Amino acid sequence: MKLVLLFAATALAARGKPIHVAFEGNVIFGSQTLDSHRQKVHDELYQHCLDIGANAHGDETLTGGFDGEGFHFKYTCNCAHGNTKVPDTISIDSWWSAKATKAGTC
């Protein structure tokens, strides 16, 4: 039993303190950006958020969105625990990228 508790405590310590991670970037299509492009960016950032240790809490996992012009976005991944690698640049597809920075602690 003590070994199990020690392992659990070690695993939690290895994850580090949870932080908010801000993603800010652009889609290269400018005013020609489609809703499907915006949805793909959202979906990929949501998955990245889960990959860096955020818990899936529906709309609270990844907050934010695109501005009124429709091609610039700001999202926040809430309470990521894993290897957040910030600051960093996220570029999953060649037509958009985002700068990832620390946006506070949870």
# chains A, B, ... in the order shown; residues from 1 in each chain; ligands from 1

$ residues_around --residues "A:His57" --least-positions-apart "2" --cutoff "12 Å" --atoms "only C-alpha atoms" --output "list in words"
Tyr46, Cys49, Leu50, Ala54, Asn55, Asp59, Glu60, Thr61, Leu62, Thr63, Cys77, Asn78, Cys79 and Ala80 of chain A

$ select_by_dssp --residues "stretch 20-104 of chain A" --states "helix (DSSP H, G or I)" --output "PyMOL selection string"
chain A and resi 30-32+35-51+58-60

$ write_last_selection --atoms "N, CA and C atoms" --output "PDB file, in the first residue's frame"
ATOM      1  N   GLY A  30      -6.487  35.390 -44.095  1.00  0.00           N
ATOM      2  CA  GLY A  30      -7.035  36.725 -43.854  1.00  0.00           C
ATOM      3  C   GLY A  30      -8.548  36.721 -43.888  1.00  0.00           C
ATOM      4  N   SER A  31      -9.117  37.667 -44.620  1.00  0.00           N
ATOM      5  CA  SER A  31     -10.576  37.796 -44.677  1.00  0.00           C
ATOM      6  C   SER A  31     -11.244  36.624 -45.394  1.00  0.00           C
ATOM      7  N   GLN A  32     -10.467  35.786 -46.063  1.00  0.00           N
ATOM      8  CA  GLN A  32     -11.011  34.617 -46.764  1.00  0.00           C
ATOM      9  C   GLN A  32     -11.085  33.377 -45.856  1.00  0.00           C
ATOM     10  N   ASP A  35     -15.280  29.292 -41.860  1.00  0.00           N
ATOM     11  CA  ASP A  35     -15.668  28.731 -40.562  1.00  0.00           C
ATOM     12  C   ASP A  35     -15.005  27.373 -40.331  1.00  0.00           C
ATOM     13  N   SER A  36     -14.845  26.595 -41.403  1.00  0.00           N
ATOM     14  CA  SER A  36     -14.204  25.282 -41.257  1.00  0.00           C
ATOM     15  C   SER A  36     -12.737  25.424 -40.843  1.00  0.00           C
ATOM     16  N   HIS A  37     -12.061  26.480 -41.323  1.00  0.00           N
ATOM     17  CA  HIS A  37     -10.683  26.740 -40.891  1.00  0.00           C
ATOM     18  C   HIS A  37     -10.652  27.070 -39.402  1.00  0.00           C
ATOM     19  N   ARG A  38     -11.557  27.949 -38.987  1.00  0.00           N
ATOM     20  CA  ARG A  38     -11.608  28.341 -37.578  1.00  0.00           C
ATOM     21  C   ARG A  38     -11.910  27.138 -36.690  1.00  0.00           C
ATOM     22  N   GLN A  39     -12.812  26.276 -37.130  1.00  0.00           N
ATOM     23  CA  GLN A  39     -13.147  25.081 -36.348  1.00  0.00           C
ATOM     24  C   GLN A  39     -11.951  24.144 -36.250  1.00  0.00           C
ATOM     25  N   LYS A  40     -11.208  23.993 -37.344  1.00  0.00           N
ATOM     26  CA  LYS A  40     -10.032  23.117 -37.331  1.00  0.00           C
ATOM     27  C   LYS A  40      -8.972  23.644 -36.367  1.00  0.00           C
ATOM     28  N   VAL A  41      -8.735  24.959 -36.367  1.00  0.00           N
ATOM     29  CA  VAL A  41      -7.779  25.550 -35.424  1.00  0.00           C
ATOM     30  C   VAL A  41      -8.236  25.274 -33.993  1.00  0.00           C
ATOM     31  N   HIS A  42      -9.514  25.528 -33.719  1.00  0.00           N
ATOM     32  CA  HIS A  42     -10.052  25.273 -32.378  1.00  0.00           C
ATOM     33  C   HIS A  42      -9.856  23.819 -31.979  1.00  0.00           C
ATOM     34  N   ASP A  43     -10.230  22.899 -32.862  1.00  0.00           N
ATOM     35  CA  ASP A  43     -10.142  21.473 -32.545  1.00  0.00           C
ATOM     36  C   ASP A  43      -8.699  21.036 -32.293  1.00  0.00           C
ATOM     37  N   GLU A  44      -7.761  21.545 -33.099  1.00  0.00           N
ATOM     38  CA  GLU A  44      -6.364  21.159 -32.927  1.00  0.00           C
ATOM     39  C   GLU A  44      -5.776  21.758 -31.652  1.00  0.00           C
ATOM     40  N   LEU A  45      -6.145  22.997 -31.321  1.00  0.00           N
ATOM     41  CA  LEU A  45      -5.675  23.584 -30.067  1.00  0.00           C
ATOM     42  C   LEU A  45      -6.297  22.873 -28.869  1.00  0.00           C
ATOM     43  N   TYR A  46      -7.558  22.479 -28.983  1.00  0.00           N
ATOM     44  CA  TYR A  46      -8.209  21.725 -27.912  1.00  0.00           C
ATOM     45  C   TYR A  46      -7.461  20.410 -27.669  1.00  0.00           C
ATOM     46  N   GLN A  47      -7.131  19.704 -28.750  1.00  0.00           N
ATOM     47  CA  GLN A  47      -6.402  18.443 -28.603  1.00  0.00           C
ATOM     48  C   GLN A  47      -5.016  18.686 -28.024  1.00  0.00           C
ATOM     49  N   HIS A  48      -4.348  19.745 -28.477  1.00  0.00           N
ATOM     50  CA  HIS A  48      -3.029  20.081 -27.928  1.00  0.00           C
ATOM     51  C   HIS A  48      -3.140  20.375 -26.430  1.00  0.00           C
ATOM     52  N   CYS A  49      -4.192  21.054 -26.056  1.00  0.00           N
ATOM     53  CA  CYS A  49      -4.446  21.367 -24.649  1.00  0.00           C
ATOM     54  C   CYS A  49      -4.558  20.075 -23.828  1.00  0.00           C
ATOM     55  N   LEU A  50      -5.289  19.115 -24.332  1.00  0.00           N
ATOM     56  CA  LEU A  50      -5.397  17.821 -23.650  1.00  0.00           C
ATOM     57  C   LEU A  50      -4.045  17.112 -23.612  1.00  0.00           C
ATOM     58  N   ASP A  51      -3.286  17.228 -24.711  1.00  0.00           N
ATOM     59  CA  ASP A  51      -1.982  16.569 -24.791  1.00  0.00           C
ATOM     60  C   ASP A  51      -0.981  17.119 -23.777  1.00  0.00           C
ATOM     61  N   GLY A  58     -15.186  20.217 -21.018  1.00  0.00           N
ATOM     62  CA  GLY A  58     -16.051  20.872 -21.991  1.00  0.00           C
ATOM     63  C   GLY A  58     -15.528  22.231 -22.398  1.00  0.00           C
ATOM     64  N   ASP A  59     -16.396  23.244 -22.317  1.00  0.00           N
ATOM     65  CA  ASP A  59     -16.051  24.591 -22.756  1.00  0.00           C
ATOM     66  C   ASP A  59     -14.991  25.251 -21.881  1.00  0.00           C
ATOM     67  N   GLU A  60     -14.756  24.739 -20.679  1.00  0.00           N
ATOM     68  CA  GLU A  60     -13.783  25.349 -19.779  1.00  0.00           C
ATOM     69  C   GLU A  60     -12.349  24.903 -20.066  1.00  0.00           C
TER      70      GLU A  60
END

$ closest_residue --among "A:Trp95, A:Val27, A:Ala103, A:Gly53" --to "A:Gly82" --atoms "only C-alpha atoms"
A:Gly53

$ closest_residue --among "A:Cys106, A:Ile28, A:Val21, A:Ala98" --to "A:Lys85" --atoms "only C-alpha atoms"
A:Val21

$ select_by_dssp --residues "chain A" --states "strand (DSSP E)" --output "PyMOL selection string"
chain A and resi 19-27+62-66+72-80+88-90+96-105

$ write_last_selection --atoms "C-alpha atoms" --output "compact mmCIF listing (two decimals), in the first residue's frame"
# COMPACT_ATOMS: atom_id res chain seq x y z
CA ILE A 19 -0.72 26.62 -15.47
CA HIS A 20 -2.88 28.43 -17.99
CA VAL A 21 -1.33 28.48 -21.47
CA ALA A 22 -2.27 31.28 -23.88
CA PHE A 23 -2.31 30.62 -27.62
CA GLU A 24 -2.33 33.64 -29.93
CA GLY A 25 -1.96 33.48 -33.69
CA ASN A 26 -3.30 33.96 -37.19
CA VAL A 27 -4.67 32.05 -40.13
CA LEU A 62 -10.08 25.81 -23.96
CA THR A 63 -11.58 29.30 -23.84
CA GLY A 64 -11.37 32.22 -26.25
CA GLY A 65 -11.76 32.36 -30.00
CA PHE A 66 -11.34 34.47 -33.11
CA HIS A 72 -6.68 36.37 -35.59
CA PHE A 73 -7.32 34.23 -32.52
CA LYS A 74 -6.61 34.12 -28.80
CA TYR A 75 -7.31 30.98 -26.80
CA THR A 76 -6.42 29.91 -23.26
CA CYS A 77 -5.80 26.31 -22.27
CA ASN A 78 -6.89 26.11 -18.65
CA CYS A 79 -4.85 24.24 -16.05
CA ALA A 80 -2.38 22.24 -18.13
CA ASP A 88 6.72 27.87 -27.93
CA THR A 89 5.21 28.14 -31.39
CA ILE A 90 2.45 25.73 -32.39
CA TRP A 96 -1.83 28.80 -39.22
CA SER A 97 0.43 29.16 -36.23
CA ALA A 98 0.15 30.26 -32.62
CA LYS A 99 2.56 31.48 -29.99
CA ALA A 100 2.12 29.60 -26.72
CA THR A 101 2.94 31.51 -23.53
CA LYS A 102 2.32 31.11 -19.82
CA ALA A 103 -0.86 32.94 -18.80
CA GLY A 104 -0.88 32.42 -15.03
CA THR A 105 -1.27 29.62 -12.53

$ closest_residue --among "A:Asp93, A:Gly68, A:Leu34, A:Ile52" --to "A:Pro18" --atoms "only C-alpha atoms"
A:Ile52
